[in-house]
Amino acid sequence: MTTKANATDDSFHVFDTTLRDGAQREGINLTVADKLTIARHLDTFGVGYIEGGWPGANPRDTEFFARAQKEISFENAQLVAFGATRRASGSAADDPQVKALLNSGAPVITLVAKSHDRHVELALRTTLEENLEMVRDTVSHLREQGRRVFVDCEHFFDGYRANAAYAKSVVRTAHEAGAEVVILCDTNGGMLPAQVQAVVSTVIADTGARLGIHAQDDTGCAVANTLAAVDAGATHVQCTANGYGERVGNANLFPVVAALELKYGMKVLPEGALAEMTRISHAIAEVVNLTPSTHQPYVGVSAFAHKAGLHASAIKVDPDLYQHIDPELVGNTMRMLVSDMAGRASIELKGKELGVDLGDDRALVGRVVERVKERELQGYTYEAADASFELLLRGEVEGRARRYFRTESWRAIVEDRPDGTHANEATVKLWAKGERIVATAEGNGPVNALDRALRVALERIYPQLAKLELIDYKVRILEGRTGTESTTRVLITTGDGAGDWATVGVAENVIAASWQALEDAYTYGLLRAGVEPTE
């Protein structure tokens, strides 16, 4: 494992603990290969330190460090191994867990130390003085072995409230033993920004130690608490990608870094790295197999999405009127959402975003506004179905709906068999390029059977459709009318390998709504492929 000098100087640390603390989130189970992939993403993003896990505590983390030495050449980050201070009444030189930290090959080691007196006495079952000696001995030993050492003071803020003098003595002991940074941990996540700022300021003044902050998000204040600590003088922030972590999570790396760079004017990433932030966030979400939060600050797909007509009118004049930053700075984009709240400005901006020239035709824009409001009253939603909206918009601009085929009829059959299994079959009859086509297909459900039948019918005439793949399918039952009658809305996401798009259908039953969304999906796919309409 080779490590180049961090792209930023050592005056401020961005420390990522996704692979250790973030992996403790419910629902995340990382393989060694996953951890290596995430480490590469984080290094590309430009964090200074990547905490890889606890070598010696479990075989997976031990293997990760062994493979990282051979497989990763870090460009920006240094790899960090996490572990605890030596056991009570022993010596760091003889402690097997301390030896595992050294054997990991990591150039930096983070030690977790107890700083809450009750935790020392009840969890470690030792004396307050012995706990200080455990910190002093372990830090000194690791420093003698040529390793950089950071110390995490676990439960520091709760410990400070209970016994401030002892909590500060742990910080002072770690600092005097050679720890480069002592991190104050809000392990239970119960602190508020003003409290964090006051404590950090006092501890810096009373100990002279370089401090960092590790904030959990149980009050929803982890990012704010992290920045409050920076305001008070902390020069080391510990975060996780997308805020992953135990219980409700940790301070989110991406809004913390964006705030430091864009709001504080601090250079904490390599040149150009901030513009990769949205991509990195989504890439890591894919690795951990969690859907990216659409409303995450800075990197969520809705972070710069505008729905209200009042907002759209202002944005048309100047996007900065309703955006706190240019979304391109963090690799995101502005989006205009079309809904029954839309006004003329929303439609004009959305048309521009989609590449549809509306000119200065106020009557055309007015018709589109009214059409959208009428359709949304029926149950359609276009803010989540850009492709269906673009087809509607182009139909108004061109004076007719864009058609590549004309449906004569369709039918879906579900057969309940005596053995408890089901057979799903669909037949479609349609016209394309003057030819009547009848096609039948089976599927693992009636909608899948319809999708396959439509593909069978059209692929010979439109070979471009072979690339299409149904990616996602969502059904929502809208308010009922009488008895068991209701309106069903279906959203379908389709991809062609180069991108994906969403279409919507609304009807009184799920199959009919699905057919509408499928028709739009195939029509839009042909439009994307540059095929001229024939019907």
# chains A, B, ... in the order shown; residues from 1 in each chain; ligands from 1

call {"tool": "residues_around", "arguments": {"residues": "Glu176 in chain A", "least_positions_apart": "6", "cutoff": "12 Å", "atoms": "only C-alpha atoms", "output": "list in words"}}
result
Leu132, Glu133, Val135, Arg136, Asp137, Val139, Ser140, Arg143, Val149, Val151, Ser169, Val170, Val182, Thr207, Gly208, Ala209 and Arg210 of chain A

call {"tool": "write_last_selection", "arguments": {"atoms": "N, CA, C and O atoms", "output": "CSV table (one decimal), in the first residue's frame"}}
result
chain,number,residue,atom,x,y,z
A,132,LEU,N,-6.4,6.3,32.8
A,132,LEU,CA,-5.5,7.3,32.3
A,132,LEU,C,-4.2,6.6,31.9
A,132,LEU,O,-3.6,7.0,30.9
A,133,GLU,N,-3.7,5.7,32.7
A,133,GLU,CA,-2.5,5.0,32.4
A,133,GLU,C,-2.6,4.1,31.1
A,133,GLU,O,-1.7,4.0,30.4
A,135,VAL,N,-4.5,4.9,28.6
A,135,VAL,CA,-4.4,5.8,27.5
A,135,VAL,C,-2.9,6.2,27.3
A,135,VAL,O,-2.4,6.2,26.1
A,136,ARG,N,-2.2,6.6,28.3
A,136,ARG,CA,-0.8,7.0,28.2
A,136,ARG,C,0.1,5.9,27.7
A,136,ARG,O,0.9,6.2,26.7
A,137,ASP,N,-0.1,4.7,28.2
A,137,ASP,CA,0.8,3.6,27.8
A,137,ASP,C,0.6,3.2,26.3
A,137,ASP,O,1.5,3.0,25.5
A,139,VAL,N,-0.9,5.0,23.8
A,139,VAL,CA,-0.5,6.1,22.8
A,139,VAL,C,1.0,6.1,22.7
A,139,VAL,O,1.6,6.2,21.6
A,140,SER,N,1.7,6.1,23.8
A,140,SER,CA,3.2,6.2,23.8
A,140,SER,C,3.8,5.0,23.1
A,140,SER,O,4.7,5.2,22.3
A,143,ARG,N,3.3,5.4,19.3
A,143,ARG,CA,4.1,6.5,18.8
A,143,ARG,C,5.6,6.0,18.7
A,143,ARG,O,6.3,6.3,17.7
A,149,VAL,N,-1.1,8.8,15.9
A,149,VAL,CA,-2.1,8.3,16.8
A,149,VAL,C,-3.2,9.5,17.0
A,149,VAL,O,-2.8,10.6,17.3
A,151,VAL,N,-6.9,10.0,19.2
A,151,VAL,CA,-7.6,9.3,20.3
A,151,VAL,C,-9.1,9.8,20.3
A,151,VAL,O,-9.3,11.0,20.3
A,169,SER,N,-9.0,15.5,31.9
A,169,SER,CA,-7.8,14.8,32.2
A,169,SER,C,-7.5,13.7,31.2
A,169,SER,O,-6.3,13.5,30.9
A,170,VAL,N,-8.5,13.1,30.6
A,170,VAL,CA,-8.3,12.1,29.6
A,170,VAL,C,-7.7,12.8,28.3
A,170,VAL,O,-6.8,12.3,27.7
A,182,VAL,N,-7.1,14.8,19.6
A,182,VAL,CA,-8.0,14.2,20.5
A,182,VAL,C,-9.4,14.5,20.1
A,182,VAL,O,-9.7,15.7,20.0
A,207,THR,N,-6.8,22.6,28.0
A,207,THR,CA,-5.8,21.5,27.8
A,207,THR,C,-4.7,21.8,26.8
A,207,THR,O,-3.7,21.1,26.8
A,208,GLY,N,-5.0,22.7,25.9
A,208,GLY,CA,-4.0,23.0,24.8
A,208,GLY,C,-3.9,21.9,23.8
A,208,GLY,O,-3.0,22.0,22.9
A,209,ALA,N,-4.8,21.0,23.8
A,209,ALA,CA,-4.7,19.9,22.8
A,209,ALA,C,-5.4,20.3,21.5
A,209,ALA,O,-6.3,21.2,21.5
A,210,ARG,N,-5.0,19.7,20.4
A,210,ARG,CA,-5.7,19.8,19.1
A,210,ARG,C,-6.9,18.9,19.2
A,210,ARG,O,-6.8,17.7,19.5

call {"tool": "select_by_dssp", "arguments": {"residues": "range 138-320 of chain A", "states": "alpha helix (DSSP H)", "output": "count of residues only"}}
result
81

call {"tool": "select_by_dssp", "arguments": {"residues": "range 193-253 of chain A", "states": "strand (DSSP E)", "output": "VMD selection string"}}
result
chain A and resid 211 to 215 236 to 239

call {"tool": "closest_atom_pairs", "arguments": {"of": "range 6-111 of chain A", "to": "range 270-284 of chain A", "cutoff": "12 Å", "atoms": "only C-alpha atoms", "output": "Markdown table"}}
result
| residue | atom | partner | partner_atom | distance |
| --- | --- | --- | --- | --- |
| A:Asn6 | CA | A:Pro270 | CA | 8.7 |
| A:Ala7 | CA | A:Pro270 | CA | 5.4 |
| A:Thr8 | CA | A:Pro270 | CA | 6.6 |
| A:Asp9 | CA | A:Pro270 | CA | 10.3 |
| A:Val14 | CA | A:Pro270 | CA | 11.7 |
| A:Thr18 | CA | A:Ile284 | CA | 9.8 |
| A:Leu19 | CA | A:Ile284 | CA | 10.9 |
| A:Gly22 | CA | A:Ile284 | CA | 11.5 |
| A:Ala23 | CA | A:Ile284 | CA | 11.9 |
| A:Ile28 | CA | A:Ile284 | CA | 11.6 |
| A:Leu30 | CA | A:Ile284 | CA | 11.3 |
| A:Asp34 | CA | A:Ile284 | CA | 9.2 |
| A:Lys35 | CA | A:Ile284 | CA | 9.9 |
| A:Leu36 | CA | A:Ile284 | CA | 11.3 |
| A:Thr37 | CA | A:Ile284 | CA | 8.4 |
| A:Ile38 | CA | A:Ile284 | CA | 6.1 |
| A:Ala39 | CA | A:Ile284 | CA | 9.5 |
| A:Arg40 | CA | A:Ile284 | CA | 10.1 |
| A:His41 | CA | A:Ile280 | CA | 6.4 |
| A:Leu42 | CA | A:Ile280 | CA | 7.6 |
| A:Asp43 | CA | A:Ala273 | CA | 10.2 |
| A:Thr44 | CA | A:Ala273 | CA | 7.7 |
| A:Phe45 | CA | A:Ala273 | CA | 5.6 |
| A:Gly46 | CA | A:Pro270 | CA | 5.9 |
| A:Val47 | CA | A:Pro270 | CA | 8.7 |
| A:Gly48 | CA | A:Pro270 | CA | 9.9 |
| A:Glu75 | CA | A:Pro270 | CA | 10.3 |
| A:Asn76 | CA | A:Pro270 | CA | 8.1 |
| A:Ala77 | CA | A:Pro270 | CA | 10.9 |

call {"tool": "write_last_selection", "arguments": {"atoms": "N, CA and C atoms", "output": "compact mmCIF listing (two decimals), in the first residue's frame"}}
result
# COMPACT_ATOMS: atom_id res chain seq x y z
N ASN A 6 -1.32 13.98 1.58
CA ASN A 6 -2.68 14.46 1.42
C ASN A 6 -2.70 15.70 0.54
N ALA A 7 -3.77 15.80 -0.28
CA ALA A 7 -3.86 16.91 -1.22
C ALA A 7 -4.00 18.25 -0.50
N THR A 8 -4.47 18.22 0.75
CA THR A 8 -4.53 19.45 1.54
C THR A 8 -3.48 19.35 2.64
N ASP A 9 -3.16 20.49 3.27
CA ASP A 9 -2.15 20.42 4.33
C ASP A 9 -2.75 19.83 5.60
N VAL A 14 -10.21 16.10 7.25
CA VAL A 14 -11.50 15.48 6.94
C VAL A 14 -11.31 13.99 7.08
N THR A 18 -16.89 5.83 7.35
CA THR A 18 -17.96 5.04 6.75
C THR A 18 -17.71 3.54 6.90
N LEU A 19 -16.47 3.11 6.70
CA LEU A 19 -16.15 1.69 6.70
C LEU A 19 -16.15 1.09 8.10
N GLY A 22 -19.89 3.89 10.01
CA GLY A 22 -21.02 3.88 9.08
C GLY A 22 -21.55 2.49 8.83
N ALA A 23 -20.67 1.49 8.85
CA ALA A 23 -21.07 0.10 8.58
C ALA A 23 -21.93 -0.47 9.70
N ILE A 28 -26.88 -2.39 6.61
CA ILE A 28 -25.62 -2.36 5.86
C ILE A 28 -24.76 -3.55 6.29
N LEU A 30 -21.27 -4.96 4.75
CA LEU A 30 -20.25 -4.78 3.72
C LEU A 30 -19.32 -5.98 3.63
N ASP A 34 -16.65 -4.77 -1.01
CA ASP A 34 -17.42 -3.52 -0.86
C ASP A 34 -16.56 -2.45 -0.19
N LYS A 35 -15.87 -2.82 0.86
CA LYS A 35 -15.07 -1.86 1.61
C LYS A 35 -13.93 -1.31 0.75
N LEU A 36 -13.32 -2.15 -0.05
CA LEU A 36 -12.25 -1.70 -0.94
C LEU A 36 -12.80 -0.72 -1.97
N THR A 37 -13.99 -1.02 -2.50
CA THR A 37 -14.60 -0.13 -3.49
C THR A 37 -14.93 1.23 -2.88
N ILE A 38 -15.52 1.22 -1.69
CA ILE A 38 -15.87 2.48 -1.03
C ILE A 38 -14.61 3.28 -0.70
N ALA A 39 -13.57 2.59 -0.26
CA ALA A 39 -12.31 3.28 0.05
C ALA A 39 -11.77 3.99 -1.18
N ARG A 40 -11.86 3.36 -2.33
CA ARG A 40 -11.38 4.01 -3.57
C ARG A 40 -12.22 5.24 -3.88
N HIS A 41 -13.55 5.15 -3.70
CA HIS A 41 -14.41 6.31 -3.94
C HIS A 41 -14.04 7.47 -3.00
N LEU A 42 -13.85 7.15 -1.73
CA LEU A 42 -13.52 8.20 -0.76
C LEU A 42 -12.17 8.83 -1.05
N ASP A 43 -11.22 8.02 -1.47
CA ASP A 43 -9.90 8.55 -1.83
C ASP A 43 -10.02 9.47 -3.05
N THR A 44 -10.81 9.05 -4.02
CA THR A 44 -11.04 9.90 -5.20
C THR A 44 -11.66 11.23 -4.80
N PHE A 45 -12.59 11.18 -3.85
CA PHE A 45 -13.25 12.40 -3.39
C PHE A 45 -12.26 13.33 -2.70
N GLY A 46 -11.24 12.75 -2.06
CA GLY A 46 -10.20 13.59 -1.49
C GLY A 46 -10.21 13.74 0.01
N VAL A 47 -10.90 12.84 0.73
CA VAL A 47 -10.83 12.92 2.19
C VAL A 47 -9.40 12.62 2.63
N GLY A 48 -9.01 13.15 3.78
CA GLY A 48 -7.63 12.98 4.23
C GLY A 48 -7.37 11.65 4.92
N GLU A 75 -4.24 8.10 -3.37
CA GLU A 75 -3.77 9.36 -3.93
C GLU A 75 -3.91 10.52 -2.95
N ASN A 76 -4.93 10.47 -2.12
CA ASN A 76 -5.22 11.60 -1.23
C ASN A 76 -5.31 11.22 0.24
N ALA A 77 -5.80 10.02 0.52
CA ALA A 77 -6.11 9.63 1.89
C ALA A 77 -5.02 8.79 2.52

call {"tool": "atom_distance", "arguments": {"atom1": "CA of His324 in chain A", "atom2": "CA of Asn252 in chain A"}}
result
18.6 Å

call {"tool": "closest_residue", "arguments": {"among": "A:Ile204, A:Ala513, A:Val504, A:Val257", "to": "Ile183 in chain A", "atoms": "only C-alpha atoms"}}
result
A:Ile204

call {"tool": "residues_around", "arguments": {"residues": "Ala251 in chain A", "least_positions_apart": "2", "cutoff": "7 Å", "atoms": "only C-alpha atoms", "output": "ChimeraX atom specification"}}
result
/A:215-217,222-223,239-240,243,253

call {"tool": "write_last_selection", "arguments": {"atoms": "C-alpha atoms", "output": "mmCIF file, in the first residue's frame"}}
result
data_model
loop_
_atom_site.group_PDB
_atom_site.id
_atom_site.type_symbol
_atom_site.label_atom_id
_atom_site.label_comp_id
_atom_site.auth_asym_id
_atom_site.auth_seq_id
_atom_site.Cartn_x
_atom_site.Cartn_y
_atom_site.Cartn_z
ATOM 1 C CA ALA A 215 -21.077 13.652 16.260
ATOM 2 C CA GLN A 216 -23.958 11.191 16.131
ATOM 3 C CA ASP A 217 -27.285 12.438 14.759
ATOM 4 C CA ALA A 222 -24.845 16.089 13.862
ATOM 5 C CA VAL A 223 -23.863 18.337 10.942
ATOM 6 C CA CYS A 239 -18.076 11.945 9.279
ATOM 7 C CA THR A 240 -19.627 9.150 7.240
ATOM 8 C CA GLY A 243 -24.653 10.034 7.218
ATOM 9 C CA LEU A 253 -19.677 13.856 5.199
#

call {"tool": "atom_distance", "arguments": {"atom1": "CA of Trp501 in chain A", "atom2": "CA of Ala385 in chain A"}}
result
7.4 Å

call {"tool": "residues_around", "arguments": {"residues": "Ile471 in chain A", "least_positions_apart": "2", "cutoff": "8 Å", "atoms": "only C-alpha atoms", "output": "ChimeraX atom specification"}}
result
/A:469,473,492-495

call {"tool": "write_last_selection", "arguments": {"atoms": "all heavy atoms", "output": "short mmCIF file (atom, residue, chain, number, x, y, z; two decimals), in the first residue's frame"}}
result
data_model
loop_
_atom_site.label_atom_id
_atom_site.label_comp_id
_atom_site.auth_asym_id
_atom_site.auth_seq_id
_atom_site.Cartn_x
_atom_site.Cartn_y
_atom_site.Cartn_z
N GLU A 469 -35.16 -1.70 -20.94
CA GLU A 469 -35.33 -2.58 -19.79
C GLU A 469 -36.20 -1.88 -18.76
O GLU A 469 -35.98 -0.71 -18.43
CB GLU A 469 -33.97 -2.91 -19.17
CG GLU A 469 -34.06 -3.80 -17.95
CD GLU A 469 -32.72 -4.02 -17.30
OE1 GLU A 469 -31.73 -3.39 -17.73
OE2 GLU A 469 -32.65 -4.82 -16.35
N TYR A 473 -41.04 -0.24 -10.92
CA TYR A 473 -42.49 -0.24 -11.12
C TYR A 473 -43.15 0.09 -9.78
O TYR A 473 -42.91 -0.59 -8.78
CB TYR A 473 -42.92 -1.62 -11.61
CG TYR A 473 -44.41 -1.81 -11.79
CD1 TYR A 473 -45.05 -1.40 -12.96
CD2 TYR A 473 -45.18 -2.43 -10.81
CE1 TYR A 473 -46.41 -1.58 -13.14
CE2 TYR A 473 -46.54 -2.61 -10.97
CZ TYR A 473 -47.15 -2.20 -12.14
OH TYR A 473 -48.51 -2.37 -12.31
N ILE A 492 -43.61 3.94 -14.02
CA ILE A 492 -42.66 2.96 -14.55
C ILE A 492 -41.36 3.67 -14.91
O ILE A 492 -41.38 4.73 -15.55
CB ILE A 492 -43.24 2.24 -15.78
CG1 ILE A 492 -44.33 1.25 -15.35
CG2 ILE A 492 -42.14 1.50 -16.55
CD1 ILE A 492 -44.98 0.52 -16.50
N THR A 493 -40.26 3.11 -14.47
CA THR A 493 -38.94 3.61 -14.85
C THR A 493 -38.32 2.63 -15.84
O THR A 493 -38.26 1.43 -15.58
CB THR A 493 -38.02 3.77 -13.63
OG1 THR A 493 -38.64 4.63 -12.68
CG2 THR A 493 -36.67 4.36 -14.04
N THR A 494 -37.87 3.15 -16.98
CA THR A 494 -37.31 2.34 -18.05
C THR A 494 -35.92 2.87 -18.37
O THR A 494 -35.66 4.07 -18.27
CB THR A 494 -38.21 2.42 -19.31
OG1 THR A 494 -39.55 2.09 -18.95
CG2 THR A 494 -37.73 1.47 -20.40
N GLY A 495 -35.02 1.98 -18.77
CA GLY A 495 -33.67 2.39 -19.13
C GLY A 495 -33.24 1.78 -20.45
O GLY A 495 -33.81 0.78 -20.92
#

call {"tool": "residues_around", "arguments": {"residues": "Tyr524 in chain A", "least_positions_apart": "3", "cutoff": "9 Å", "atoms": "only C-alpha atoms", "output": "JSON, numbers by chain"}}
result
{"A": [387, 388, 390, 391, 501, 503, 519, 520, 521, 527, 528, 529]}

call {"tool": "closest_residue", "arguments": {"among": "A:Ala174, A:Val80, A:Ala100, A:Ala33", "to": "Ser115 in chain A", "atoms": "only C-alpha atoms"}}
result
A:Ala174

call {"tool": "closest_residue", "arguments": {"among": "A:Thr427, A:Val531, A:Ala177, A:Arg452", "to": "Glu144 in chain A", "atoms": "only C-alpha atoms"}}
result
A:Ala177

call {"tool": "residues_around", "arguments": {"residues": "Thr534 in chain A", "least_positions_apart": "3", "cutoff": "12 Å", "atoms": "only C-alpha atoms", "output": "list in words"}}
result
Ala401, Arg402, Arg403, Tyr404, Phe405, Arg406, Trp431, Ala432, Lys433, Gly434, Glu435, Ile461, Tyr462, Thr523, Leu526, Leu527 and Val531 of chain A

call {"tool": "closest_residue", "arguments": {"among": "A:Ile325, A:Leu393, A:Ile72, A:Ala81", "to": "Gly366 in chain A", "atoms": "only C-alpha atoms"}}
result
A:Leu393
